[in-house]
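Undergrad: I am sharing upload14.cif, which consists of mmCIF, C-alpha atoms:
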data_upload
loop_
_atom_site.label_atom_id
_atom_site.label_comp_id
_atom_site.auth_asym_id
_atom_site.auth_seq_id
_atom_site.Cartn_x
_atom_site.Cartn_y
_atom_site.Cartn_z
CA MET L 13 -70.88 24.50 116.54
CA LYS L 14 -71.66 28.20 116.94
CA LYS L 15 -68.17 28.79 118.30
CA ALA L 16 -66.65 27.04 115.29
CA LEU L 17 -68.75 29.14 112.91
CA LYS L 18 -67.63 32.33 114.65
CA ILE L 19 -64.00 31.29 114.28
CA VAL L 20 -64.50 30.52 110.58
CA GLY L 21 -66.30 33.84 110.13
CA ARG L 22 -63.46 35.75 111.78
CA ILE L 23 -60.88 33.99 109.65
CA PHE L 24 -62.88 34.78 106.50
CA LEU L 25 -63.26 38.42 107.55
CA GLY L 26 -59.55 38.62 108.29
CA LEU L 27 -58.73 37.26 104.84
CA LEU L 28 -61.06 39.78 103.21
CA ILE L 29 -59.36 42.61 105.10
CA LEU L 30 -55.93 41.34 104.06
CA LEU L 31 -57.09 41.10 100.44
CA ALA L 32 -58.50 44.65 100.55
CA VAL L 33 -55.25 45.98 102.04
CA PHE L 34 -53.23 44.12 99.39
CA ILE L 35 -55.34 45.58 96.56
CA ILE L 36 -55.01 49.10 97.98
CA ILE L 37 -51.23 48.69 98.24
CA MET L 38 -51.03 47.33 94.67
CA THR L 39 -53.15 50.23 93.36
CA ILE L 40 -50.83 52.78 94.95
CA TYR L 41 -47.75 50.86 93.79
CA ASN L 42 -49.14 50.74 90.24
CA GLN L 43 -49.57 54.52 90.10
CA ILE L 44 -46.03 55.01 91.38
CA MET L 45 -44.60 52.62 88.77
CA LEU L 46 -46.57 54.22 85.93
CA ARG L 47 -45.02 57.57 86.79
CA LYS L 48 -41.56 56.16 87.46
CA ASN L 49 -41.46 54.09 84.25
CA LYS L 50 -43.18 56.58 81.97
CA ASP L 51 -40.27 56.53 79.53
CA LEU L 52 -40.67 52.79 79.02
CA TYR L 53 -44.12 53.13 77.46
CA GLU L 54 -43.53 56.50 75.80
CA THR L 55 -40.20 55.83 74.04
CA PRO L 56 -40.93 54.00 70.76
CA LEU L 57 -38.95 50.89 69.86
CA GLY L 58 -39.43 51.66 66.16
CA GLN L 59 -40.41 54.68 64.08
CA MET L 60 -43.48 56.89 64.24
CA VAL L 61 -45.39 58.06 61.17
CA GLU L 62 -48.33 60.44 60.96
CA VAL L 63 -51.68 59.06 59.82
CA ASP L 64 -54.93 61.03 60.06
CA GLY L 65 -53.16 63.60 62.23
CA HIS L 66 -51.98 61.03 64.80
CA LYS L 67 -48.80 59.06 65.39
CA MET L 68 -48.62 55.38 64.44
CA SER L 69 -45.80 53.04 65.43
CA LEU L 70 -43.95 50.79 62.99
CA TYR L 71 -41.06 48.48 63.78
CA THR L 72 -38.74 47.14 61.09
CA GLU L 73 -35.86 44.70 61.26
CA GLY L 74 -33.73 42.88 58.70
CA GLU L 75 -33.41 43.09 54.93
CA GLY L 76 -34.35 40.82 52.06
CA ASP L 77 -36.33 40.36 48.88
CA HIS L 78 -39.52 39.64 50.81
CA THR L 79 -41.30 41.76 53.41
CA ILE L 80 -43.33 40.13 56.17
CA VAL L 81 -45.97 42.31 57.85
CA PHE L 82 -47.03 41.21 61.33
CA MET L 83 -50.56 42.20 62.38
CA SER L 84 -51.67 41.74 65.97
CA GLY L 85 -54.81 40.22 67.37
CA TRP L 86 -57.33 42.25 69.34
CA GLY L 87 -56.15 43.38 72.77
CA THR L 88 -52.44 42.61 72.29
CA SER L 89 -51.01 45.65 74.04
CA SER L 90 -47.47 45.36 72.66
CA PRO L 91 -47.40 43.78 69.19
CA ILE L 92 -43.70 44.58 68.73
CA LEU L 93 -42.70 42.52 71.75
CA ASP L 94 -45.41 39.89 71.34
CA PHE L 95 -44.22 38.93 67.85
CA LYS L 96 -40.49 39.07 68.65
CA PRO L 97 -40.03 35.31 69.30
CA LEU L 98 -41.17 34.68 65.71
CA TYR L 99 -39.79 37.61 63.71
CA SER L 100 -36.35 37.42 65.35
CA ARG L 101 -35.99 34.02 63.63
CA LEU L 102 -36.87 35.50 60.24
CA SER L 103 -35.15 38.88 60.10
CA ASP L 104 -31.80 37.41 59.02
CA ASP L 105 -33.39 36.48 55.70
CA TYR L 106 -36.28 38.90 55.23
CA ARG L 107 -37.42 42.37 56.11
CA ILE L 108 -39.97 42.20 58.89
CA VAL L 109 -42.45 44.92 59.80
CA VAL L 110 -44.73 45.10 62.83
CA VAL L 111 -47.63 47.51 62.41
CA GLU L 112 -49.07 48.77 65.69
CA LYS L 113 -52.62 49.90 65.00
CA PHE L 114 -53.96 52.96 66.77
CA GLY L 115 -54.55 52.08 70.40
CA TYR L 116 -51.75 49.49 70.42
CA GLY L 117 -48.14 49.63 71.59
CA PHE L 118 -46.63 53.05 71.04
CA SER L 119 -49.34 54.26 68.65
CA ASP L 120 -51.75 57.00 69.70
CA GLU L 121 -55.16 56.29 71.13
CA ILE L 122 -57.77 57.96 68.91
CA ASP L 123 -61.50 58.56 68.61
CA GLY L 124 -63.54 57.73 65.55
CA ASP L 125 -64.46 54.69 63.48
CA ARG L 126 -62.54 51.47 64.07
CA ASP L 127 -64.16 49.42 61.34
CA MET L 128 -61.85 47.14 59.37
CA ASP L 129 -61.84 49.27 56.21
CA THR L 130 -60.61 52.23 58.24
CA ILE L 131 -57.93 50.15 59.97
CA LEU L 132 -56.74 48.72 56.65
CA ARG L 133 -56.53 52.17 55.07
CA GLN L 134 -54.54 53.52 58.00
CA ASP L 135 -52.12 50.58 58.08
CA ARG L 136 -51.46 50.83 54.34
CA GLU L 137 -50.91 54.56 54.63
CA ALA L 138 -48.47 54.06 57.51
CA LEU L 139 -46.42 51.60 55.45
CA GLU L 140 -46.44 53.96 52.47
CA LYS L 141 -45.28 56.92 54.55
CA ALA L 142 -42.50 54.79 56.02
CA GLY L 143 -41.35 53.96 52.48
CA ILE L 144 -42.18 50.26 52.84
CA GLU L 145 -43.45 48.79 49.59
CA GLY L 146 -45.12 45.49 48.79
CA PRO L 147 -45.87 42.89 47.85
CA PHE L 148 -46.15 41.62 51.41
CA VAL L 149 -46.36 38.33 53.21
CA LEU L 150 -49.13 39.10 55.69
CA CYS L 151 -48.83 37.43 59.08
CA PRO L 152 -52.01 38.17 61.05
CA HIS L 153 -52.89 36.88 64.49
CA SER L 154 -56.51 36.29 65.51
CA PHE L 155 -58.73 39.35 64.84
CA SER L 156 -56.33 40.74 62.20
CA GLY L 157 -57.20 37.78 60.00
CA TYR L 158 -60.17 39.82 58.82
CA GLU L 159 -57.90 42.68 57.79
CA ALA L 160 -55.46 40.38 55.99
CA THR L 161 -58.26 38.69 54.04
CA LEU L 162 -59.78 42.04 53.08
CA TRP L 163 -56.33 43.33 52.08
CA ALA L 164 -55.75 40.38 49.74
CA GLN L 165 -59.22 40.80 48.22
CA LYS L 166 -59.06 44.56 47.65
CA TYR L 167 -55.37 44.93 46.80
CA PRO L 168 -54.23 41.55 45.44
CA ASP L 169 -51.05 42.98 43.92
CA GLU L 170 -49.88 43.94 47.41
CA VAL L 171 -50.21 40.46 48.98
CA GLU L 172 -48.06 37.51 47.90
CA ALA L 173 -48.90 35.14 50.76
CA ILE L 174 -50.74 34.88 54.09
CA VAL L 175 -49.56 33.11 57.23
CA GLY L 176 -52.48 33.03 59.64
CA LEU L 177 -51.70 32.65 63.33
CA ASP L 178 -54.95 31.16 64.61
CA MET L 179 -56.64 33.93 62.67
CA CYS L 180 -60.28 34.85 62.34
CA THR L 181 -61.91 34.13 59.00
CA ALA L 182 -65.20 35.38 57.62
CA ASN L 183 -66.93 32.10 58.42
CA SER L 184 -65.12 31.18 61.62
CA LYS L 185 -67.89 32.14 64.02
CA SER L 186 -71.39 30.73 64.21
CA GLU L 187 -74.23 32.60 65.89
CA ASP L 188 -73.78 30.36 68.94
CA LEU L 189 -70.12 31.36 69.16
CA TYR L 190 -71.01 35.05 68.85
CA LYS L 191 -73.40 34.70 71.77
CA LYS L 192 -70.86 32.78 73.86
CA GLU L 193 -68.20 35.37 73.08
CA GLN L 194 -70.40 38.23 74.26
CA GLY L 195 -70.66 36.75 77.74
CA LEU L 196 -67.02 35.67 77.90
CA MET L 197 -65.80 39.02 76.60
CA LYS L 198 -67.78 40.97 79.18
CA LEU L 199 -66.34 38.84 81.96
CA ALA L 200 -62.77 38.97 80.61
CA ILE L 201 -62.93 42.73 80.01
CA GLY L 202 -64.29 43.34 83.50
CA VAL L 203 -61.55 41.25 85.10
CA ASN L 204 -58.78 42.82 82.99
CA LYS L 205 -59.97 46.36 83.66
CA PHE L 206 -59.98 45.61 87.39
CA GLU L 207 -56.47 44.16 87.16
CA LYS L 208 -55.30 47.19 85.19
CA ALA L 209 -56.80 49.70 87.64
CA THR L 210 -55.40 47.92 90.69
CA GLY L 211 -52.03 47.01 89.24
CA LEU L 212 -52.69 43.28 89.59
CA LEU L 213 -51.54 43.01 85.96
CA ARG L 214 -48.02 43.38 87.35
CA ILE L 215 -48.19 39.98 88.97
CA GLY L 216 -46.71 37.43 86.59
CA THR L 217 -45.36 37.98 83.07
CA PHE L 218 -46.81 38.81 79.66
CA ASP L 219 -44.02 36.93 77.90
CA GLN L 220 -45.62 33.57 77.11
CA SER L 221 -42.60 32.51 75.07
CA GLY L 222 -40.04 32.94 77.84
CA THR L 223 -37.63 34.46 75.31
CA LEU L 224 -37.73 38.19 76.11
CA THR L 225 -34.99 39.91 78.07
CA GLU L 226 -35.58 41.40 81.51
CA GLU L 227 -35.67 44.90 80.02
CA GLU L 228 -38.14 43.85 77.31
CA ASN L 229 -40.35 42.29 79.96
CA LYS L 230 -40.33 45.59 81.88
CA ILE L 231 -41.36 47.49 78.76
CA TYR L 232 -44.08 44.95 77.97
CA THR L 233 -45.48 45.20 81.50
CA GLU L 234 -45.57 48.99 81.48
CA ILE L 235 -47.23 49.13 78.06
CA CYS L 236 -49.90 46.66 79.19
CA CYS L 237 -50.52 48.50 82.45
CA HIS L 238 -50.84 51.75 80.54
CA LYS L 239 -52.57 50.66 77.31
CA LEU L 240 -54.67 47.54 77.89
CA LEU L 241 -58.35 47.85 76.90
CA ASN L 242 -58.24 51.55 76.06
CA GLU L 243 -61.25 53.02 74.26
CA THR L 244 -59.63 52.76 70.82
CA MET L 245 -59.22 49.01 71.33
CA MET L 246 -62.73 48.68 72.69
CA ASN L 247 -64.27 50.49 69.69
CA GLU L 248 -62.45 48.10 67.35
CA SER L 249 -63.98 45.02 68.98
CA LYS L 250 -67.63 46.01 68.59
CA GLN L 251 -69.63 43.14 67.09
CA ASN L 252 -71.21 45.32 64.43
CA ASN L 253 -67.70 45.97 63.04
CA GLU L 254 -66.96 42.24 62.98
CA ARG L 255 -70.25 41.38 61.31
CA ALA L 256 -69.74 44.13 58.73
CA VAL L 257 -66.31 42.88 57.66
CA ASN L 258 -67.63 39.30 57.52
CA ALA L 259 -70.34 40.44 55.09
CA GLU L 260 -67.83 42.41 53.03
CA ILE L 261 -65.42 39.47 52.74
CA ASN L 262 -68.21 37.06 51.83
CA GLY L 263 -69.29 39.45 49.08
CA SER L 264 -66.17 38.60 47.06
CA ALA L 265 -64.14 35.52 46.22
CA LEU L 266 -61.69 34.42 48.90
CA PRO L 267 -57.99 35.12 48.23
CA THR L 268 -56.11 32.56 46.15
CA VAL L 269 -52.59 33.48 47.32
CA PRO L 270 -50.41 30.78 48.93
CA MET L 271 -51.10 30.47 52.64
CA ILE L 272 -50.50 28.53 55.81
CA LEU L 273 -53.16 28.78 58.49
CA TYR L 274 -52.29 27.57 62.00
CA LEU L 275 -55.07 26.56 64.38
CA SER L 276 -55.00 26.30 68.16
CA PRO L 277 -57.25 24.03 70.23
CA ASP L 278 -57.91 27.08 72.43
CA SER L 279 -60.13 28.35 69.61
CA THR L 280 -61.37 25.22 67.84
CA GLN L 281 -62.67 23.69 71.07
CA TYR L 282 -65.41 26.32 71.26
CA ASP L 283 -66.99 25.82 67.87
CA GLU L 284 -66.32 23.67 64.80
CA SER L 285 -67.01 26.72 62.61
CA TRP L 286 -63.54 28.05 63.50
CA GLU L 287 -61.89 25.15 61.69
CA LYS L 288 -64.43 25.19 58.85
CA GLY L 289 -63.73 28.88 58.19
CA ALA L 290 -59.99 28.23 58.03
CA GLN L 291 -60.52 25.21 55.78
CA ALA L 292 -62.54 27.34 53.35
CA MET L 293 -59.64 29.81 53.13
CA VAL L 294 -57.14 27.02 52.50
CA ASP L 295 -59.37 25.40 49.88
CA ALA L 296 -59.57 28.69 47.95
CA SER L 297 -55.78 29.08 48.01
CA GLU L 298 -53.64 27.92 45.11
CA ASN L 299 -51.22 26.46 47.64
CA GLY L 300 -52.89 26.30 51.05
CA GLN L 301 -52.01 24.38 54.19
CA LEU L 302 -54.01 23.96 57.39
CA VAL L 303 -51.85 23.10 60.40
CA LYS L 304 -53.24 22.19 63.82
CA LEU L 305 -50.97 22.96 66.75
CA ASP L 306 -51.27 21.74 70.32
CA CYS L 307 -50.67 25.04 72.10
CA GLY L 308 -52.37 28.27 73.20
CA HIS L 309 -54.11 30.84 71.01
CA TYR L 310 -50.91 32.91 70.73
CA VAL L 311 -49.36 30.17 68.60
CA HIS L 312 -46.34 32.32 67.68
CA ASP L 313 -45.33 32.52 71.33
CA PHE L 314 -45.23 28.73 71.66
CA GLU L 315 -44.39 27.25 68.27
CA TYR L 316 -42.12 29.99 66.90
CA GLU L 317 -39.43 27.50 65.79
CA ARG L 318 -41.88 25.38 63.82
CA ILE L 319 -43.72 28.36 62.33
CA SER L 320 -40.54 30.23 61.31
CA ALA L 321 -39.22 27.13 59.53
CA ASP L 322 -42.54 26.68 57.69
CA MET L 323 -42.59 30.36 56.72
CA LYS L 324 -39.10 30.17 55.24
CA GLU L 325 -40.14 27.19 53.15
CA LEU L 326 -43.31 28.97 51.98
CA ILE L 327 -41.49 32.20 51.11
CA GLU L 328 -38.67 30.46 49.27
CA GLY L 329 -41.32 28.68 47.23
CA LEU L 330 -42.70 32.04 46.06
CA ASP L 331 -39.58 32.59 43.95
CA LYS L 332 -39.92 29.33 42.02
#
Would you put the structure from the file into structure tokens?

TA:
Amino acid sequence: MKKALKIVGRIFLGLLILLAVFIIIMTIYNQIMLRKNKDLYETPLGQMVEVDGHKMSLYTEGEGDHTIVFMSGWGTSSPILDFKPLYSRLSDDYRIVVVEKFGYGFSDEIDGDRDMDTILRQDREALEKAGIEGPFVLCPHSFSGYEATLWAQKYPDEVEAIVGLDMCTANSKSEDLYKKEQGLMKLAIGVNKFEKATGLLRIGTFDQSGTLTEEENKIYTEICCHKLLNETMMNESKQNNERAVNAEINGSALPTVPMILYLSPDSTQYDESWEKGAQAMVDASENGQLVKLDCGHYVHDFEYERISADMKELIEGLDK
């Protein structure tokens, strides 16, 4: 028995040594690749505009009578590439715009407040400086749902519709969900920071849709390995910011613009308040639809065909 335990112990120790060696090799490899592929995460795919003395990235594609503004969820390192499976199916008929908030994609990382009012002001200023005028069809994913709702409340003439991609709403999180999120977020952030530091992020792909080219996948990987969970992103996700925007939204009537809100079981399985919050938004809308999809939280990376078809129908209905 003792002999068997010694053998098991040696095998376990050997595996730990191999794992440590692998992590060291990956860490060194990651630093080499970050230097070698610097141009991939420093050469913008779109245009850069100056906001508050810093550079913000905007990507535009297509032309049309309607402009769709894509707004990323928290922690999405490359919004331009993340949204491509969806916007590439819309840009033949409409002008699409992807706004990369500070800390995301090719935009600068900055210090200072990352409350939702500040983010909304900066995004509107970036669009204005790029000569992009509304009204807009806002297409927010996850955390950006707060910004889209606030936008429609404060500047109703600038928003003609909302398409929510499993988006947060002001009443989508109960106190229980906030508490659960705190623990899950700490764990996820710790794991992701470790993967970023060691280069383990390079294992696998960030393209959940399977539609990006090999070159686009390379760019996506380098941006993630360089940008994921930077301090600008982290400041944005503070719970006091989220609670503040919830209170601000609940202080006014919900938007009445036409909207489609897509829900993913990845979110609704945690708390029924997620669906209730979305239902309240739809009920306030003059022409609202709530659609449940059987896919992951990044619904636009899985159901881009369905969503793009629905969006075309919604947008064409705006002209009637």

Undergrad: With a distance cut-off of 7 Å and only C-alpha atoms, select the neighbouring residues of region 216-219 of chain L, excluding the residue or stretch itself and same-chain residues fewer than 3 positions from it, and output the selection as a PyMOL selection string.

TA: chain L and resi 222+224+229+232-233

Undergrad: Return the single residue from L:Glu260, L:Glu243, L:Asp120, L:Asp64 that is closest to Trp163 (chain L), with distances computed using only C-alpha atoms.

TA: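 Among the listed residues, the smallest separation from Trp163 (chain L) belongs to L:Glu260.
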
Undergrad: Running the PyMOL selection byres ((chain L and resi 202-205) around 12) on this model by hand, what would come out? Give it as number ranges by chain.

TA: L: 87, 195-201, 206-214, 236-243, 246

Undergrad: Tell me which residues the PyMOL selection byres ((chain L and resi 262-278) around 8) grabs here, as a count of residues only.

TA: 42

Undergrad: Near Tyr158 (chain L), counting only C-alpha atoms, which residues have an atom at most 7 Å away, once you skip same-chain residues fewer than 4 positions from it, shown as a count of residues only?

TA: 5

Undergrad: Would you mind telling me which residue in L:Lys18, L:Lys96, L:His78, L:Lys288 lies nearest to Asp313 (chain L) when using only C-alpha atoms?

TA: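 That would be L:Lys96, the residue with the smallest distance to Asp313 (chain L).
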
Undergrad: Using all atoms listed in the file for the distances, tell me which of L:Glu170, L:Asp129, L:Glu137, L:Asp77 is nearest to Ile108 (chain L).

TA: L:Asp77

Undergrad: So what does the PyMOL selection byres ((chain L and resi 102) around 9) actually pick up in this one, as an NGL selection string?

TA: :L and (74 or 80 or 98-101 or 103-108 or 320-321 or 323-324)

Undergrad: Residues within 10 Å of region 48-61 of chain L, please, as a PyMOL selection string. Count only C-alpha atoms; anything in the same chain fewer than 4 positions from it doesn't count.

TA: chain L and resi 42-44+65-73+90+92-93+109-112+117-120+137-142+227-228+230-239

Undergrad: Which of these residues is nearest to Phe95 (chain L), using only C-alpha atoms: L:Ser221, L:Ser285, L:Thr244, L:Thr79?

TA: L:Ser221

Undergrad: Looking at only C-alpha atoms, which of L:Asp94, L:Glu62, L:Glu145, L:Glu248 is the one that sits closest to Thr130 (chain L)?

TA: L:Glu248

Undergrad: What is the CA of Gly146 (chain L)-CA of Pro97 (chain L) distance in Å, reported with one decimal?

TA: 23.5 Å

Undergrad: Mind pulling up the distance from CA of Gly143 (chain L) to CA of Leu330 (chain L)?

TA: 22.9 Å
